[in-house]
file data_17.pdb (PDB, C-alpha atoms and all ligand atoms)
ATOM      1  CA  MET A   1     -20.750 -10.176  23.874  1.00  0.00           C
ATOM      2  CA  PRO A   2     -19.362  -6.667  23.242  1.00  0.00           C
ATOM      3  CA  LYS A   3     -17.688  -6.120  19.891  1.00  0.00           C
ATOM      4  CA  ILE A   4     -13.977  -5.618  20.551  1.00  0.00           C
ATOM      5  CA  LEU A   5     -12.742  -4.975  17.026  1.00  0.00           C
ATOM      6  CA  ASN A   6     -14.067  -2.290  14.720  1.00  0.00           C
ATOM      7  CA  THR A   7     -15.413  -3.980  11.571  1.00  0.00           C
ATOM      8  CA  ASN A   8     -15.731  -0.562   9.920  1.00  0.00           C
ATOM      9  CA  HIS A   9     -12.016   0.100  10.200  1.00  0.00           C
ATOM     10  CA  ALA A  10      -9.604  -1.465   7.695  1.00  0.00           C
ATOM     11  CA  ILE A  11      -5.815  -1.189   7.591  1.00  0.00           C
ATOM     12  CA  TYR A  12      -4.098  -1.295   4.197  1.00  0.00           C
ATOM     13  CA  VAL A  13      -0.566  -2.479   4.932  1.00  0.00           C
ATOM     14  CA  GLY A  14       2.332  -2.362   2.519  1.00  0.00           C
ATOM     15  CA  SER A  15       5.722  -0.903   1.696  1.00  0.00           C
ATOM     16  CA  PHE A  16       4.476   1.791  -0.717  1.00  0.00           C
ATOM     17  CA  ASP A  17       8.049   2.480  -1.853  1.00  0.00           C
ATOM     18  CA  PRO A  18       6.759   4.568  -3.509  1.00  0.00           C
ATOM     19  CA  LEU A  19       2.974   4.847  -3.865  1.00  0.00           C
ATOM     20  CA  THR A  20       1.813   3.778  -7.345  1.00  0.00           C
ATOM     21  CA  LEU A  21      -1.451   4.359  -9.214  1.00  0.00           C
ATOM     22  CA  GLY A  22      -2.325   0.742  -8.320  1.00  0.00           C
ATOM     23  CA  HIS A  23      -1.963   1.432  -4.586  1.00  0.00           C
ATOM     24  CA  ALA A  24      -3.887   4.717  -4.925  1.00  0.00           C
ATOM     25  CA  ASP A  25      -6.737   2.875  -6.661  1.00  0.00           C
ATOM     26  CA  ILE A  26      -6.941   0.334  -3.816  1.00  0.00           C
ATOM     27  CA  ILE A  27      -6.935   3.197  -1.265  1.00  0.00           C
ATOM     28  CA  ARG A  28      -9.803   5.012  -3.012  1.00  0.00           C
ATOM     29  CA  ARG A  29     -11.871   1.874  -3.381  1.00  0.00           C
ATOM     30  CA  GLY A  30     -11.126   0.817   0.219  1.00  0.00           C
ATOM     31  CA  ALA A  31     -12.140   4.260   1.462  1.00  0.00           C
ATOM     32  CA  GLY A  32     -15.491   3.745  -0.270  1.00  0.00           C
ATOM     33  CA  LEU A  33     -16.039   0.376   1.406  1.00  0.00           C
ATOM     34  CA  PHE A  34     -15.035   1.111   4.993  1.00  0.00           C
ATOM     35  CA  GLU A  35     -15.925   3.974   7.332  1.00  0.00           C
ATOM     36  CA  ARG A  36     -12.258   4.379   8.178  1.00  0.00           C
ATOM     37  CA  LEU A  37      -9.165   3.301   6.274  1.00  0.00           C
ATOM     38  CA  THR A  38      -5.632   3.511   7.633  1.00  0.00           C
ATOM     39  CA  VAL A  39      -2.754   3.215   5.182  1.00  0.00           C
ATOM     40  CA  ALA A  40       0.049   1.618   7.208  1.00  0.00           C
ATOM     41  CA  ILE A  41       3.609   1.790   5.920  1.00  0.00           C
ATOM     42  CA  GLY A  42       5.524  -1.212   7.201  1.00  0.00           C
ATOM     43  CA  LEU A  43       9.221  -1.031   7.999  1.00  0.00           C
ATOM     44  CA  ASN A  44      10.683  -4.207   6.547  1.00  0.00           C
ATOM     45  CA  PRO A  45      14.255  -4.806   7.831  1.00  0.00           C
ATOM     46  CA  ASP A  46      14.923  -7.170   4.882  1.00  0.00           C
ATOM     47  CA  LYS A  47      14.284  -4.505   2.244  1.00  0.00           C
ATOM     48  CA  GLN A  48      16.506  -1.559   1.371  1.00  0.00           C
ATOM     49  CA  PRO A  49      13.921   1.126   0.618  1.00  0.00           C
ATOM     50  CA  LEU A  50      14.327   3.995  -1.844  1.00  0.00           C
ATOM     51  CA  PHE A  51      12.222   6.415   0.231  1.00  0.00           C
ATOM     52  CA  THR A  52      12.389   6.790   4.002  1.00  0.00           C
ATOM     53  CA  PRO A  53       9.169   5.949   5.862  1.00  0.00           C
ATOM     54  CA  GLU A  54       8.640   9.674   6.559  1.00  0.00           C
ATOM     55  CA  GLU A  55       9.013  10.513   2.853  1.00  0.00           C
ATOM     56  CA  ARG A  56       6.541   7.783   1.900  1.00  0.00           C
ATOM     57  CA  LEU A  57       4.090   9.020   4.523  1.00  0.00           C
ATOM     58  CA  ALA A  58       4.337  12.600   3.238  1.00  0.00           C
ATOM     59  CA  LEU A  59       3.827  11.506  -0.387  1.00  0.00           C
ATOM     60  CA  ILE A  60       0.785   9.357   0.370  1.00  0.00           C
ATOM     61  CA  SER A  61      -0.743  12.108   2.537  1.00  0.00           C
ATOM     62  CA  GLU A  62      -0.324  14.582  -0.332  1.00  0.00           C
ATOM     63  CA  VAL A  63      -2.089  12.254  -2.782  1.00  0.00           C
ATOM     64  CA  ILE A  64      -5.080  11.439  -0.579  1.00  0.00           C
ATOM     65  CA  THR A  65      -5.889  14.897   0.840  1.00  0.00           C
ATOM     66  CA  ASP A  66      -9.450  14.690  -0.543  1.00  0.00           C
ATOM     67  CA  LEU A  67     -10.226  11.438   1.293  1.00  0.00           C
ATOM     68  CA  GLU A  68     -11.488  12.448   4.737  1.00  0.00           C
ATOM     69  CA  ASN A  69     -11.786   8.943   6.146  1.00  0.00           C
ATOM     70  CA  VAL A  70      -8.201   7.916   5.322  1.00  0.00           C
ATOM     71  CA  ASP A  71      -5.157   8.397   7.535  1.00  0.00           C
ATOM     72  CA  VAL A  72      -1.530   7.344   6.986  1.00  0.00           C
ATOM     73  CA  VAL A  73       0.875   5.946   9.576  1.00  0.00           C
ATOM     74  CA  CYS A  74       4.171   4.040   9.799  1.00  0.00           C
ATOM     75  CA  PHE A  75       4.627   0.930  11.893  1.00  0.00           C
ATOM     76  CA  SER A  76       7.318  -1.592  12.691  1.00  0.00           C
ATOM     77  CA  GLY A  77       6.933  -5.217  13.614  1.00  0.00           C
ATOM     78  CA  LEU A  78       4.320  -7.659  12.402  1.00  0.00           C
ATOM     79  CA  ALA A  79       1.453  -6.159  10.422  1.00  0.00           C
ATOM     80  CA  VAL A  80      -1.052  -8.321  12.212  1.00  0.00           C
ATOM     81  CA  ASN A  81       0.107  -7.000  15.592  1.00  0.00           C
ATOM     82  CA  PHE A  82      -0.302  -3.445  14.333  1.00  0.00           C
ATOM     83  CA  VAL A  83      -3.845  -4.151  13.089  1.00  0.00           C
ATOM     84  CA  ARG A  84      -4.725  -5.720  16.423  1.00  0.00           C
ATOM     85  CA  GLN A  85      -3.243  -2.776  18.306  1.00  0.00           C
ATOM     86  CA  GLN A  86      -5.451  -0.427  16.245  1.00  0.00           C
ATOM     87  CA  LYS A  87      -8.489  -2.565  17.162  1.00  0.00           C
ATOM     88  CA  ALA A  88      -9.359  -2.826  13.458  1.00  0.00           C
ATOM     89  CA  ALA A  89     -11.082  -6.007  12.267  1.00  0.00           C
ATOM     90  CA  VAL A  90      -9.832  -5.932   8.681  1.00  0.00           C
ATOM     91  CA  MET A  91      -6.473  -6.030   6.966  1.00  0.00           C
ATOM     92  CA  LEU A  92      -6.819  -4.804   3.392  1.00  0.00           C
ATOM     93  CA  ARG A  93      -4.523  -6.083   0.638  1.00  0.00           C
ATOM     94  CA  GLY A  94      -4.527  -5.970  -3.140  1.00  0.00           C
ATOM     95  CA  PHE A  95      -3.510  -8.518  -5.734  1.00  0.00           C
ATOM     96  CA  ARG A  96      -2.568  -8.306  -9.377  1.00  0.00           C
ATOM     97  CA  THR A  97      -1.537 -11.712 -10.633  1.00  0.00           C
ATOM     98  CA  LEU A  98      -1.660 -15.405  -9.792  1.00  0.00           C
ATOM     99  CA  THR A  99       1.806 -15.020  -8.283  1.00  0.00           C
ATOM    100  CA  ASP A 100       0.449 -12.324  -5.968  1.00  0.00           C
ATOM    101  CA  ILE A 101      -2.465 -14.560  -4.979  1.00  0.00           C
ATOM    102  CA  ASP A 102      -0.097 -17.372  -4.073  1.00  0.00           C
ATOM    103  CA  ALA A 103       2.048 -15.141  -1.860  1.00  0.00           C
ATOM    104  CA  GLU A 104      -0.892 -13.257  -0.351  1.00  0.00           C
ATOM    105  CA  PHE A 105      -2.753 -16.500   0.403  1.00  0.00           C
ATOM    106  CA  THR A 106       0.214 -17.922   2.319  1.00  0.00           C
ATOM    107  CA  MET A 107       0.657 -14.675   4.216  1.00  0.00           C
ATOM    108  CA  SER A 108      -3.018 -14.349   5.102  1.00  0.00           C
ATOM    109  CA  LEU A 109      -3.088 -17.948   6.406  1.00  0.00           C
ATOM    110  CA  ALA A 110      -0.059 -17.195   8.592  1.00  0.00           C
ATOM    111  CA  ASN A 111      -1.747 -14.005   9.793  1.00  0.00           C
ATOM    112  CA  ARG A 112      -4.941 -15.888  10.564  1.00  0.00           C
ATOM    113  CA  THR A 113      -2.982 -18.336  12.694  1.00  0.00           C
ATOM    114  CA  LEU A 114      -1.434 -15.406  14.572  1.00  0.00           C
ATOM    115  CA  ALA A 115      -4.655 -13.387  14.883  1.00  0.00           C
ATOM    116  CA  PRO A 116      -7.798 -15.378  14.021  1.00  0.00           C
ATOM    117  CA  GLU A 117     -10.043 -12.423  14.893  1.00  0.00           C
ATOM    118  CA  ILE A 118      -8.662 -10.344  11.990  1.00  0.00           C
ATOM    119  CA  GLU A 119      -9.905 -10.957   8.445  1.00  0.00           C
ATOM    120  CA  THR A 120      -7.835 -10.143   5.375  1.00  0.00           C
ATOM    121  CA  VAL A 121      -9.926  -8.614   2.600  1.00  0.00           C
ATOM    122  CA  PHE A 122      -8.490  -8.548  -0.925  1.00  0.00           C
ATOM    123  CA  LEU A 123      -9.327  -6.147  -3.716  1.00  0.00           C
ATOM    124  CA  MET A 124      -8.398  -7.124  -7.251  1.00  0.00           C
ATOM    125  CA  ALA A 125      -6.179  -4.652  -9.048  1.00  0.00           C
ATOM    126  CA  GLY A 126      -8.070  -2.310 -11.335  1.00  0.00           C
ATOM    127  CA  GLU A 127      -7.762  -3.437 -14.982  1.00  0.00           C
ATOM    128  CA  SER A 128      -5.628  -0.391 -15.811  1.00  0.00           C
ATOM    129  CA  TYR A 129      -3.218  -1.011 -12.946  1.00  0.00           C
ATOM    130  CA  SER A 130      -2.559  -4.742 -12.780  1.00  0.00           C
ATOM    131  CA  HIS A 131       0.863  -4.403 -14.453  1.00  0.00           C
ATOM    132  CA  ILE A 132       2.110  -1.736 -12.028  1.00  0.00           C
ATOM    133  CA  SER A 133       4.558  -2.461  -9.231  1.00  0.00           C
ATOM    134  CA  SER A 134       6.867  -0.240  -7.170  1.00  0.00           C
ATOM    135  CA  SER A 135       9.922  -2.154  -8.457  1.00  0.00           C
ATOM    136  CA  LEU A 136       8.920  -1.618 -12.097  1.00  0.00           C
ATOM    137  CA  ILE A 137       8.485   2.108 -11.650  1.00  0.00           C
ATOM    138  CA  LYS A 138      11.887   2.353  -9.933  1.00  0.00           C
ATOM    139  CA  GLN A 139      13.429   0.761 -13.028  1.00  0.00           C
ATOM    140  CA  ILE A 140      11.641   3.212 -15.323  1.00  0.00           C
ATOM    141  CA  ALA A 141      12.856   6.119 -13.186  1.00  0.00           C
ATOM    142  CA  GLN A 142      16.435   4.824 -13.073  1.00  0.00           C
ATOM    143  CA  MET A 143      16.816   3.809 -16.704  1.00  0.00           C
ATOM    144  CA  GLY A 144      14.451   6.242 -18.364  1.00  0.00           C
ATOM    145  CA  GLN A 145      15.800   9.043 -20.473  1.00  0.00           C
ATOM    146  CA  GLU A 146      14.748  12.675 -20.545  1.00  0.00           C
ATOM    147  CA  ASN A 147      11.134  11.601 -21.204  1.00  0.00           C
ATOM    148  CA  ALA A 148      11.007   9.530 -17.954  1.00  0.00           C
ATOM    149  CA  ALA A 149       8.685  12.058 -16.293  1.00  0.00           C
ATOM    150  CA  SER A 150       6.011  11.696 -18.957  1.00  0.00           C
ATOM    151  CA  GLN A 151       6.477   7.914 -19.032  1.00  0.00           C
ATOM    152  CA  LEU A 152       5.918   7.741 -15.278  1.00  0.00           C
ATOM    153  CA  GLU A 153       2.553   9.503 -15.579  1.00  0.00           C
ATOM    154  CA  GLY A 154       0.919   6.195 -16.415  1.00  0.00           C
ATOM    155  CA  PHE A 155       2.356   4.501 -13.316  1.00  0.00           C
ATOM    156  CA  VAL A 156       2.460   6.839 -10.311  1.00  0.00           C
ATOM    157  CA  PRO A 157       0.392   9.781  -9.011  1.00  0.00           C
ATOM    158  CA  LYS A 158       1.747  13.101 -10.330  1.00  0.00           C
ATOM    159  CA  GLU A 159       2.930  14.129  -6.836  1.00  0.00           C
ATOM    160  CA  VAL A 160       5.352  11.170  -6.829  1.00  0.00           C
ATOM    161  CA  ILE A 161       7.090  11.853 -10.170  1.00  0.00           C
ATOM    162  CA  LYS A 162       9.492  14.636  -9.159  1.00  0.00           C
ATOM    163  CA  PRO A 163      10.676  13.112  -5.850  1.00  0.00           C
ATOM    164  CA  LEU A 164      11.104   9.754  -7.589  1.00  0.00           C
ATOM    165  CA  LEU A 165      13.249  11.177 -10.366  1.00  0.00           C
ATOM    166  CA  GLU A 166      15.288  13.165  -7.865  1.00  0.00           C
ATOM    167  CA  LYS A 167      16.055   9.972  -5.925  1.00  0.00           C
ATOM    168  CA  CYS A 168      16.811   7.846  -8.980  1.00  0.00           C
ATOM    169  CA  GLN A 169      18.664  10.227 -11.219  1.00  0.00           C
ATOM    170  CA  SER A 170      20.804  12.110  -8.688  1.00  0.00           C
TER     171      SER A 170
HETATM  172  P1  LIG B   1       4.384  -5.310   0.237  1.00  0.00           P
HETATM  173  O1  LIG B   1       5.860  -5.122   0.409  1.00  0.00           O
HETATM  174  O2  LIG B   1       3.608  -5.458   1.492  1.00  0.00           O
HETATM  175  O3  LIG B   1       3.973  -6.329  -0.794  1.00  0.00           O
HETATM  176  P2  LIG B   1       3.538  -3.267  -1.614  1.00  0.00           P
HETATM  177  O4  LIG B   1       3.649  -1.803  -1.378  1.00  0.00           O
HETATM  178  O5  LIG B   1       4.311  -3.828  -2.746  1.00  0.00           O
HETATM  179  O6  LIG B   1       3.911  -3.883  -0.246  1.00  0.00           O
HETATM  180  O7  LIG B   1       2.022  -3.660  -1.802  1.00  0.00           O
HETATM  181  C1  LIG B   1       1.043  -3.463  -0.811  1.00  0.00           C
HETATM  182  C2  LIG B   1      -0.209  -4.204  -1.202  1.00  0.00           C
HETATM  183  O8  LIG B   1      -0.747  -3.623  -2.380  1.00  0.00           O
HETATM  184  C3  LIG B   1      -0.011  -5.695  -1.520  1.00  0.00           C
HETATM  185  O9  LIG B   1      -1.164  -6.387  -1.090  1.00  0.00           O
HETATM  186  C4  LIG B   1       0.101  -5.723  -3.027  1.00  0.00           C
HETATM  187  O10 LIG B   1      -0.304  -6.956  -3.571  1.00  0.00           O
HETATM  188  C5  LIG B   1      -0.866  -4.599  -3.386  1.00  0.00           C
HETATM  189  N1  LIG B   1      -0.544  -3.982  -4.677  1.00  0.00           N
HETATM  190  C6  LIG B   1       0.674  -3.593  -5.110  1.00  0.00           C
HETATM  191  N2  LIG B   1       0.575  -3.059  -6.346  1.00  0.00           N
HETATM  192  C7  LIG B   1      -0.737  -3.133  -6.693  1.00  0.00           C
HETATM  193  C8  LIG B   1      -1.480  -2.780  -7.876  1.00  0.00           C
HETATM  194  N3  LIG B   1      -0.885  -2.271  -8.960  1.00  0.00           N
HETATM  195  N4  LIG B   1      -2.809  -2.992  -7.879  1.00  0.00           N
HETATM  196  C9  LIG B   1      -3.392  -3.554  -6.806  1.00  0.00           C
HETATM  197  N5  LIG B   1      -2.769  -3.928  -5.679  1.00  0.00           N
HETATM  198  C10 LIG B   1      -1.451  -3.723  -5.619  1.00  0.00           C
END

call {"tool": "encode", "arguments": {"input": "data_17.pdb", "output": "structure tokens", "more": "lines below"}}
Ligand code: ADP
result
Amino acid sequence: MPKILNTNHAIYVGSFDPLTLGHADIIRRGAGLFERLTVAIGLNPDKQPLFTPEERLALISEVITDLENVDVVCFSGLAVNFVRQQKAAVMLRGFRTLTDIDAEFTMSLANRTLAPEIETVFLMAGESYSHISSSLIKQIAQMGQENAASQLEGFVPKEVIKPLLEKCQS
């Protein structure tokens, strides 16, 4: 039987609002595991994002310029439908905590019901990044003082710091 889905192509779906060091770590490790990795920015109608999808795409692209097998796209609708449309066999996700595992497990079971041919592969957060979330860094940017830029260095790639502070402190 011919192989329909590409098992060497994984899609890392998320909001990335904005990209954190935790996300960037998953992207680098995913790029080392799969021949091709697509970072897919989902448009979630229930969330009020800080950055537009185009801004998020530009920021991620700037951070991963050295990774030749990674591309970045935006999509709307169900993630699993996007993965299927791309003919990729793998949806890549990351988890940090037991709470993440609970939510990710439920979501991956729902996705498997919708698209049994697609496998979700999870990478554990790197030990230096398991405390990092996009919502936490937005709080640091909003409530931080004049040293917010240096504080953010431990949480987001350097390319993200200035645009983040501009959004949060304007
Ligand atoms: P979503 O809105 O889909 O949860 P996120 O941008 O918050 O989007 O996260 C995308 C994926 O990356 C999720 O699987 C999430 O668990 C994972 N992730 C988020 N932050 C980290 C981190 N610090 N380390 C590892 N994985 C992470």

call {"tool": "resolve_selection", "arguments": {"input": "data_17.pdb", "expression": "the PyMOL selection byres (((not hetatm)) within 7 of (chain B and resi 1))", "output": "PyMOL selection string"}}
result
chain A and resi 13-17+20-23+26+93-96+100+104+124-126+129-134

call {"tool": "closest_residue", "arguments": {"input": "data_17.pdb", "among": "A:Val63, A:Ala79, A:Ala110, A:Val160", "to": "Phe51 in chain A", "atoms": "all atoms listed in the file"}}
result
A:Val160

call {"tool": "atom_distance", "arguments": {"input": "data_17.pdb", "atom1": "CA of Glu127 in chain A", "atom2": "CA of Ile161 in chain A"}}
result
21.9 Å

call {"tool": "atom_distance", "arguments": {"input": "data_17.pdb", "atom1": "CA of Tyr12 in chain A", "atom2": "CA of Gln142 in chain A"}}
result
27.5 Å

call {"tool": "closest_residue", "arguments": {"input": "data_17.pdb", "among": "A:Leu114, A:Leu50, A:Leu43, A:Ala58", "to": "Asp71 in chain A", "atoms": "only C-alpha atoms"}}
result
A:Ala58

call {"tool": "residues_around", "arguments": {"input": "data_17.pdb", "residues": "range 80-90 of chain A", "least_positions_apart": "6", "cutoff": "9 Å", "atoms": "all atoms listed in the file", "output": "list in words"}}
result
Ile4, Leu5, Asn6, Thr7, Asn8, His9, Ala10, Ile11, Tyr12, Val13, Ala40, Asn111, Arg112, Leu114, Ala115, Glu117, Ile118, Glu119, Thr120 and Val121 of chain A

call {"tool": "residues_near_point", "arguments": {"input": "data_17.pdb", "point": "(-2.4, 7.9, -11.2)", "cutoff": "9 Å", "atoms": "all atoms listed in the file", "output": "ChimeraX atom specification"}}
result
/A:20-22,24-25,153-158

call {"tool": "closest_residue", "arguments": {"input": "data_17.pdb", "among": "A:Ile101, A:Cys168, A:Ile60, A:Met91", "to": "Leu19 in chain A", "atoms": "all atoms listed in the file"}}
result
A:Ile60

call {"tool": "atom_distance", "arguments": {"input": "data_17.pdb", "atom1": "CA of Pro53 in chain A", "atom2": "CA of Thr38 in chain A"}}
result
15.1 Å

call {"tool": "resolve_selection", "arguments": {"input": "data_17.pdb", "expression": "the PyMOL selection byres (((chain A and resi 70) around 8) and not hetatm)", "output": "list in words"}}
result
Ala31, Arg36, Leu37, Thr38, Val39, Ile64, Leu67, Glu68, Asn69, Asp71 and Val72 of chain A

call {"tool": "closest_residue", "arguments": {"input": "data_17.pdb", "among": "A:Ile41, A:Thr97, A:Ala103, A:Asp46", "to": "Val73 in chain A", "atoms": "only C-alpha atoms"}}
result
A:Ile41

call {"tool": "closest_residue", "arguments": {"input": "data_17.pdb", "among": "A:Pro18, A:Gly42, A:Gly32, A:Pro163", "to": "Lys138 in chain A", "atoms": "all atoms listed in the file"}}
result
A:Pro18

call {"tool": "closest_residue", "arguments": {"input": "data_17.pdb", "among": "A:Ser128, A:Arg29, A:Glu146, A:Glu159", "to": "Arg56 in chain A", "atoms": "only C-alpha atoms"}}
result
A:Glu159
